[in-house]
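A short worksheet on the structure shown next.
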Amino acid sequence: MRRAYELAERGRGSVSPNPVVGCVLVRDGVIVGEGYHVRAGEDHAEVVALKAAGQMAEGATAYVTLEPCNHFGKTPPCAPALVRTGVREVVIGMRDPDPTVTGNGAEALREAGLTVRFAEDPTPFERQNEAWLHRMGTGRPFVTVKIALSLDGKPALHVDKRARITGGGGAKVTMQLRSRSTAVAVGASTASIDDPLLTVRDDDGALVGRQPQRVILARTSVPSPRLAMLADKAAPVTLVVSERADPAALAAFERAGGAVVVYDYVSGIVGALRAIAAHGIDDVLVEAGPSLLTALHRARLVDRLVVITGGGFAGNAAPPAYLGPADAAGPDLDRPYRAEECATFDEDVAVVWAPRVHDQEGSL
């Protein structure tokens, strides 16, 4: 199962809106086939492993991280494929919560005479697919917010002026986060001021093979069609904006190569995120400026917060990172986030924060 888990990770960032899945076929103690779900619309992990095993699949045990499907979608179901090729036993990491699947795959395998077992602890596999499970349960993508701050908690040196706050270590963290994300998003103001590329690059600055989708979140503002990310063609660029945006500006954005997804203005940031999920995105890394961070936090839409700190003070002319009211508990600071991880990267520090109580119903 550990090997199946490792294989599943290879599909991260490219399988949305599907889950990451890995499968290993073992016969007489030897791996005879393995595979993972590479991309939505392509073969599922079980089928990839069965093709790799060929005739050696007969009599084998399949170790798969997620319950095999038993319905037709973009690809044929996996449970019948396991039966047809003579697999004798299937060990499953976690049940599929999709109502069209849950229990059906395992039951179909049992009815065909296969032995079916589930992992004693499904937690690692549930965590592996937390973004997919989150979208299934809430209708919105799993939101990781990344911010870079000075030692005095400031995101820039001056209002509306781009500044590098962290060093090479912070850049490494950003590249790692982007590489694991289906999409990377910024607000319209950040897109206009910073004109970021939002790409994944190696240590030499060259683009890597897989690039995340790029998203600009806006209410009514439409960024310039001359944005650098529209010109580089490294990955798709989508503007998620309300119906109140200027049609002429939207047309110019589309002519420059961008896509436009529209949501209802009154639904606010929740509507924007739902539109992203409906666009086939399970998870999004939001590189947030103050306004977007404030909107996400106040709506309780932050599923993970990554704060990268550089070793200098921005001073009293610097803008605040957060524009909303205090998280107050009487005279004291309420602490709605708890630290999960902390690490140094070169001369910078990254801390990962998670909501203490993730009230999913309150996020809808």
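Identifiers in the structure tokens: chain A, B, ... in order shown; residue index from 1 per chain; ligand index from 1 in order shown.
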
Leaving out A:Leu149 and any residue of its chain fewer than 5 positions from it, which residues lie within 12 Å of it when counting only C-alpha atoms, given as a tab-separated table (two decimals) with N, CA, C and O atoms, in the first residue's frame?
```
chain	number	residue	atom	x	y	z
A	154	LYS	N	4.42	42.65	7.51
A	154	LYS	CA	3.97	43.47	6.39
A	154	LYS	C	4.24	42.75	5.06
A	154	LYS	O	5.30	42.13	4.89
A	155	PRO	N	3.33	42.89	4.09
A	155	PRO	CA	3.49	42.19	2.81
A	155	PRO	C	4.25	42.98	1.75
A	155	PRO	O	4.53	42.47	0.67
A	156	ALA	N	4.54	44.23	2.03
A	156	ALA	CA	5.24	45.10	1.07
A	156	ALA	C	5.87	46.26	1.84
A	156	ALA	O	5.64	46.43	3.04
A	157	LEU	N	6.64	47.07	1.14
A	157	LEU	CA	7.25	48.23	1.77
A	157	LEU	C	6.38	49.48	1.61
A	157	LEU	O	6.38	50.36	2.47
A	163	ALA	N	7.35	44.56	-4.09
A	163	ALA	CA	8.60	44.45	-3.34
A	163	ALA	C	8.86	42.98	-3.03
A	163	ALA	O	7.93	42.23	-2.75
A	164	ARG	N	10.10	42.59	-3.09
A	164	ARG	CA	10.46	41.22	-2.71
A	164	ARG	C	10.70	41.21	-1.21
A	164	ARG	O	11.59	41.90	-0.70
A	165	ILE	N	9.92	40.41	-0.49
A	165	ILE	CA	9.98	40.36	0.97
A	165	ILE	C	10.86	39.22	1.45
A	165	ILE	O	11.59	39.35	2.43
A	166	THR	N	10.79	38.08	0.79
A	166	THR	CA	11.59	36.92	1.18
A	166	THR	C	12.69	36.68	0.16
A	166	THR	O	12.67	37.24	-0.95
A	167	GLY	N	13.63	35.83	0.52
A	167	GLY	CA	14.75	35.55	-0.36
A	167	GLY	C	14.59	34.26	-1.14
A	167	GLY	O	13.47	33.82	-1.45
A	170	GLY	N	12.23	31.53	0.34
A	170	GLY	CA	10.81	31.76	0.09
A	170	GLY	C	10.41	31.39	-1.32
A	170	GLY	O	9.33	30.86	-1.56
A	288	ALA	N	-2.17	35.51	-1.97
A	288	ALA	CA	-3.13	36.57	-1.66
A	288	ALA	C	-2.49	37.88	-1.25
A	288	ALA	O	-1.52	37.91	-0.48
A	289	GLY	N	-3.06	38.96	-1.76
A	289	GLY	CA	-2.79	40.29	-1.25
A	289	GLY	C	-3.72	40.57	-0.08
A	289	GLY	O	-4.57	39.73	0.28
A	290	PRO	N	-3.61	41.74	0.54
A	290	PRO	CA	-4.40	42.04	1.74
A	290	PRO	C	-5.91	41.92	1.54
A	290	PRO	O	-6.61	41.35	2.39
A	306	VAL	N	-0.18	29.31	4.53
A	306	VAL	CA	1.27	29.19	4.55
A	306	VAL	C	1.85	30.60	4.62
A	306	VAL	O	1.64	31.42	3.72
A	307	VAL	N	2.56	30.87	5.71
A	307	VAL	CA	3.16	32.18	5.93
A	307	VAL	C	4.67	32.04	5.82
A	307	VAL	O	5.30	31.31	6.59
A	308	ILE	N	5.25	32.75	4.86
A	308	ILE	CA	6.71	32.74	4.68
A	308	ILE	C	7.24	34.08	5.18
A	308	ILE	O	6.75	35.14	4.77
A	309	THR	N	8.21	34.03	6.07
A	309	THR	CA	8.72	35.25	6.69
A	309	THR	C	10.17	35.50	6.29
A	309	THR	O	11.01	34.60	6.38
A	310	GLY	N	10.42	36.71	5.85
A	310	GLY	CA	11.78	37.13	5.54
A	310	GLY	C	12.37	37.92	6.71
A	310	GLY	O	11.63	38.54	7.48
A	311	GLY	N	13.69	37.94	6.81
A	311	GLY	CA	14.35	38.47	7.99
A	311	GLY	C	14.63	39.95	7.99
A	311	GLY	O	15.77	40.38	8.19
A	312	GLY	N	13.60	40.77	7.79
A	312	GLY	CA	13.78	42.21	7.85
A	312	GLY	C	12.49	42.91	8.23
A	312	GLY	O	11.41	42.31	8.17
A	313	PHE	N	12.60	44.18	8.65
A	313	PHE	CA	11.43	44.97	9.04
A	313	PHE	C	11.03	45.91	7.91
A	313	PHE	O	11.88	46.56	7.30
A	314	ALA	N	9.73	45.98	7.64
A	314	ALA	CA	9.24	46.82	6.54
A	314	ALA	C	9.01	48.27	6.97
A	314	ALA	O	8.99	49.17	6.14
A	315	GLY	N	8.79	48.50	8.27
A	315	GLY	CA	8.63	49.87	8.75
A	315	GLY	C	7.20	50.37	8.78
A	315	GLY	O	6.27	49.71	8.30
A	318	ALA	N	4.76	50.78	5.65
A	318	ALA	CA	4.33	49.59	4.93
A	318	ALA	C	2.85	49.32	5.16
A	318	ALA	O	2.31	49.59	6.24
A	319	PRO	N	2.15	48.74	4.18
A	319	PRO	CA	0.72	48.45	4.34
A	319	PRO	C	0.51	47.21	5.20
A	319	PRO	O	1.41	46.37	5.32
A	320	PRO	N	-0.67	47.05	5.78
A	320	PRO	CA	-0.95	45.86	6.57
A	320	PRO	C	-1.23	44.66	5.68
A	320	PRO	O	-1.62	44.81	4.51
A	321	ALA	N	-1.05	43.46	6.23
A	321	ALA	CA	-1.34	42.25	5.47
A	321	ALA	C	-2.82	41.90	5.51
A	321	ALA	O	-3.33	41.23	4.62
A	322	TYR	N	-3.51	42.38	6.56
A	322	TYR	CA	-4.91	42.04	6.78
A	322	TYR	C	-5.70	43.32	7.03
A	322	TYR	O	-5.27	44.18	7.80
A	348	ASP	N	14.94	32.01	5.15
A	348	ASP	CA	13.53	32.32	5.40
A	348	ASP	C	12.88	31.22	6.24
A	348	ASP	O	13.41	30.12	6.37
A	349	VAL	N	11.72	31.54	6.79
A	349	VAL	CA	10.97	30.59	7.60
A	349	VAL	C	9.56	30.44	7.02
A	349	VAL	O	8.92	31.43	6.66
A	350	ALA	N	9.09	29.20	6.95
A	350	ALA	CA	7.73	28.93	6.49
A	350	ALA	C	6.96	28.23	7.60
A	350	ALA	O	7.45	27.27	8.19
A	351	VAL	N	5.78	28.73	7.88
A	351	VAL	CA	4.89	28.12	8.87
A	351	VAL	C	3.57	27.77	8.19
A	351	VAL	O	2.99	28.62	7.49
```

message: Quick one: residues within 10 Å of A:Arg88, only C-alpha atoms, excluding same-chain residues fewer than 2 positions away - as a ChimeraX atom specification?
response: /A:27,57-62,82-83,85-86,90,109,112-116

field: Computed interatomic separation between atom CA of A:Glu6 and atom CA of A:Val143 (Å)
entry: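 Pair atom CA of A:Glu6 / atom CA of A:Val143 returns 23.2 Å.
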
message: DSSP on the backbone, strand (DSSP E or B) only: what residues of stretch 152-296 of chain A does that give? Format it as a PyMOL selection string.
response: chain A and resi 183-187+201+207+213-217+237-242+259-263+283-287

Keeping N, CA and C atoms for every residue in the selection just given, could you write it to a file as a PDB file, in the first residue's frame?
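Output file result.pdb is given in full below:
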```
ATOM      1  N   ALA A 183      -4.228  24.644  -9.544  1.00  0.00           N
ATOM      2  CA  ALA A 183      -4.324  26.021 -10.023  1.00  0.00           C
ATOM      3  C   ALA A 183      -3.668  26.952  -9.027  1.00  0.00           C
ATOM      4  N   VAL A 184      -3.163  28.085  -9.531  1.00  0.00           N
ATOM      5  CA  VAL A 184      -2.611  29.149  -8.697  1.00  0.00           C
ATOM      6  C   VAL A 184      -3.411  30.410  -8.998  1.00  0.00           C
ATOM      7  N   ALA A 185      -3.861  31.096  -7.946  1.00  0.00           N
ATOM      8  CA  ALA A 185      -4.727  32.261  -8.132  1.00  0.00           C
ATOM      9  C   ALA A 185      -4.159  33.488  -7.437  1.00  0.00           C
ATOM     10  N   VAL A 186      -4.464  34.642  -8.029  1.00  0.00           N
ATOM     11  CA  VAL A 186      -4.189  35.938  -7.404  1.00  0.00           C
ATOM     12  C   VAL A 186      -5.415  36.810  -7.603  1.00  0.00           C
ATOM     13  N   GLY A 187      -5.501  37.882  -6.823  1.00  0.00           N
ATOM     14  CA  GLY A 187      -6.560  38.850  -7.022  1.00  0.00           C
ATOM     15  C   GLY A 187      -6.249  39.760  -8.201  1.00  0.00           C
ATOM     16  N   ARG A 201       9.167  27.071 -11.885  1.00  0.00           N
ATOM     17  CA  ARG A 201      10.465  27.131 -12.547  1.00  0.00           C
ATOM     18  C   ARG A 201      11.508  26.382 -11.722  1.00  0.00           C
ATOM     19  N   LEU A 207      11.198  26.873 -17.128  1.00  0.00           N
ATOM     20  CA  LEU A 207       9.905  26.277 -16.852  1.00  0.00           C
ATOM     21  C   LEU A 207      10.029  24.762 -16.731  1.00  0.00           C
ATOM     22  N   GLN A 213      -2.757  25.556 -13.719  1.00  0.00           N
ATOM     23  CA  GLN A 213      -3.611  26.557 -14.330  1.00  0.00           C
ATOM     24  C   GLN A 213      -3.467  27.862 -13.549  1.00  0.00           C
ATOM     25  N   ARG A 214      -3.674  28.988 -14.227  1.00  0.00           N
ATOM     26  CA  ARG A 214      -3.530  30.291 -13.579  1.00  0.00           C
ATOM     27  C   ARG A 214      -4.884  30.994 -13.555  1.00  0.00           C
ATOM     28  N   VAL A 215      -5.236  31.505 -12.374  1.00  0.00           N
ATOM     29  CA  VAL A 215      -6.567  32.068 -12.159  1.00  0.00           C
ATOM     30  C   VAL A 215      -6.430  33.472 -11.579  1.00  0.00           C
ATOM     31  N   ILE A 216      -7.235  34.379 -12.077  1.00  0.00           N
ATOM     32  CA  ILE A 216      -7.333  35.724 -11.516  1.00  0.00           C
ATOM     33  C   ILE A 216      -8.731  35.887 -10.942  1.00  0.00           C
ATOM     34  N   LEU A 217      -8.811  36.219  -9.658  1.00  0.00           N
ATOM     35  CA  LEU A 217     -10.093  36.390  -8.979  1.00  0.00           C
ATOM     36  C   LEU A 217     -10.455  37.869  -8.934  1.00  0.00           C
ATOM     37  N   VAL A 237      -4.911  30.631 -18.644  1.00  0.00           N
ATOM     38  CA  VAL A 237      -5.207  31.733 -17.733  1.00  0.00           C
ATOM     39  C   VAL A 237      -6.719  31.955 -17.744  1.00  0.00           C
ATOM     40  N   THR A 238      -7.317  31.938 -16.553  1.00  0.00           N
ATOM     41  CA  THR A 238      -8.765  32.107 -16.443  1.00  0.00           C
ATOM     42  C   THR A 238      -9.076  33.261 -15.502  1.00  0.00           C
ATOM     43  N   LEU A 239      -9.915  34.163 -15.958  1.00  0.00           N
ATOM     44  CA  LEU A 239     -10.417  35.247 -15.124  1.00  0.00           C
ATOM     45  C   LEU A 239     -11.771  34.822 -14.566  1.00  0.00           C
ATOM     46  N   VAL A 240     -11.889  34.789 -13.241  1.00  0.00           N
ATOM     47  CA  VAL A 240     -13.142  34.465 -12.575  1.00  0.00           C
ATOM     48  C   VAL A 240     -13.718  35.776 -12.052  1.00  0.00           C
ATOM     49  N   VAL A 241     -14.820  36.216 -12.628  1.00  0.00           N
ATOM     50  CA  VAL A 241     -15.317  37.564 -12.389  1.00  0.00           C
ATOM     51  C   VAL A 241     -16.841  37.556 -12.388  1.00  0.00           C
ATOM     52  N   SER A 242     -17.425  38.551 -11.761  1.00  0.00           N
ATOM     53  CA  SER A 242     -18.890  38.611 -11.705  1.00  0.00           C
ATOM     54  C   SER A 242     -19.474  39.139 -13.009  1.00  0.00           C
ATOM     55  N   ALA A 259      -9.349  32.915 -20.668  1.00  0.00           N
ATOM     56  CA  ALA A 259     -10.717  32.410 -20.563  1.00  0.00           C
ATOM     57  C   ALA A 259     -11.433  33.202 -19.479  1.00  0.00           C
ATOM     58  N   VAL A 260     -12.744  33.258 -19.544  1.00  0.00           N
ATOM     59  CA  VAL A 260     -13.540  33.991 -18.567  1.00  0.00           C
ATOM     60  C   VAL A 260     -14.601  33.072 -17.986  1.00  0.00           C
ATOM     61  N   VAL A 261     -14.674  33.008 -16.666  1.00  0.00           N
ATOM     62  CA  VAL A 261     -15.721  32.275 -15.954  1.00  0.00           C
ATOM     63  C   VAL A 261     -16.486  33.291 -15.108  1.00  0.00           C
ATOM     64  N   VAL A 262     -17.796  33.313 -15.250  1.00  0.00           N
ATOM     65  CA  VAL A 262     -18.619  34.327 -14.609  1.00  0.00           C
ATOM     66  C   VAL A 262     -19.395  33.730 -13.440  1.00  0.00           C
ATOM     67  N   TYR A 263     -19.464  34.473 -12.328  1.00  0.00           N
ATOM     68  CA  TYR A 263     -20.270  34.073 -11.169  1.00  0.00           C
ATOM     69  C   TYR A 263     -21.199  35.223 -10.789  1.00  0.00           C
ATOM     70  N   ASP A 283      -8.337  21.958  -6.150  1.00  0.00           N
ATOM     71  CA  ASP A 283      -7.512  22.684  -5.186  1.00  0.00           C
ATOM     72  C   ASP A 283      -6.907  23.904  -5.856  1.00  0.00           C
ATOM     73  N   VAL A 284      -6.728  24.951  -5.064  1.00  0.00           N
ATOM     74  CA  VAL A 284      -6.154  26.177  -5.605  1.00  0.00           C
ATOM     75  C   VAL A 284      -5.223  26.793  -4.573  1.00  0.00           C
ATOM     76  N   LEU A 285      -4.050  27.197  -5.033  1.00  0.00           N
ATOM     77  CA  LEU A 285      -3.112  27.951  -4.210  1.00  0.00           C
ATOM     78  C   LEU A 285      -3.376  29.423  -4.473  1.00  0.00           C
ATOM     79  N   VAL A 286      -3.775  30.155  -3.441  1.00  0.00           N
ATOM     80  CA  VAL A 286      -4.063  31.580  -3.589  1.00  0.00           C
ATOM     81  C   VAL A 286      -2.893  32.375  -3.026  1.00  0.00           C
ATOM     82  N   GLU A 287      -2.197  33.082  -3.890  1.00  0.00           N
ATOM     83  CA  GLU A 287      -1.109  33.961  -3.459  1.00  0.00           C
ATOM     84  C   GLU A 287      -1.747  35.322  -3.219  1.00  0.00           C
TER      85      GLU A 287
END
```

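The closest residue to A:Ser16, picked from A:Arg255, A:Arg117, A:Lys161, A:Arg135 and counting only C-alpha atoms, is A:Arg135.
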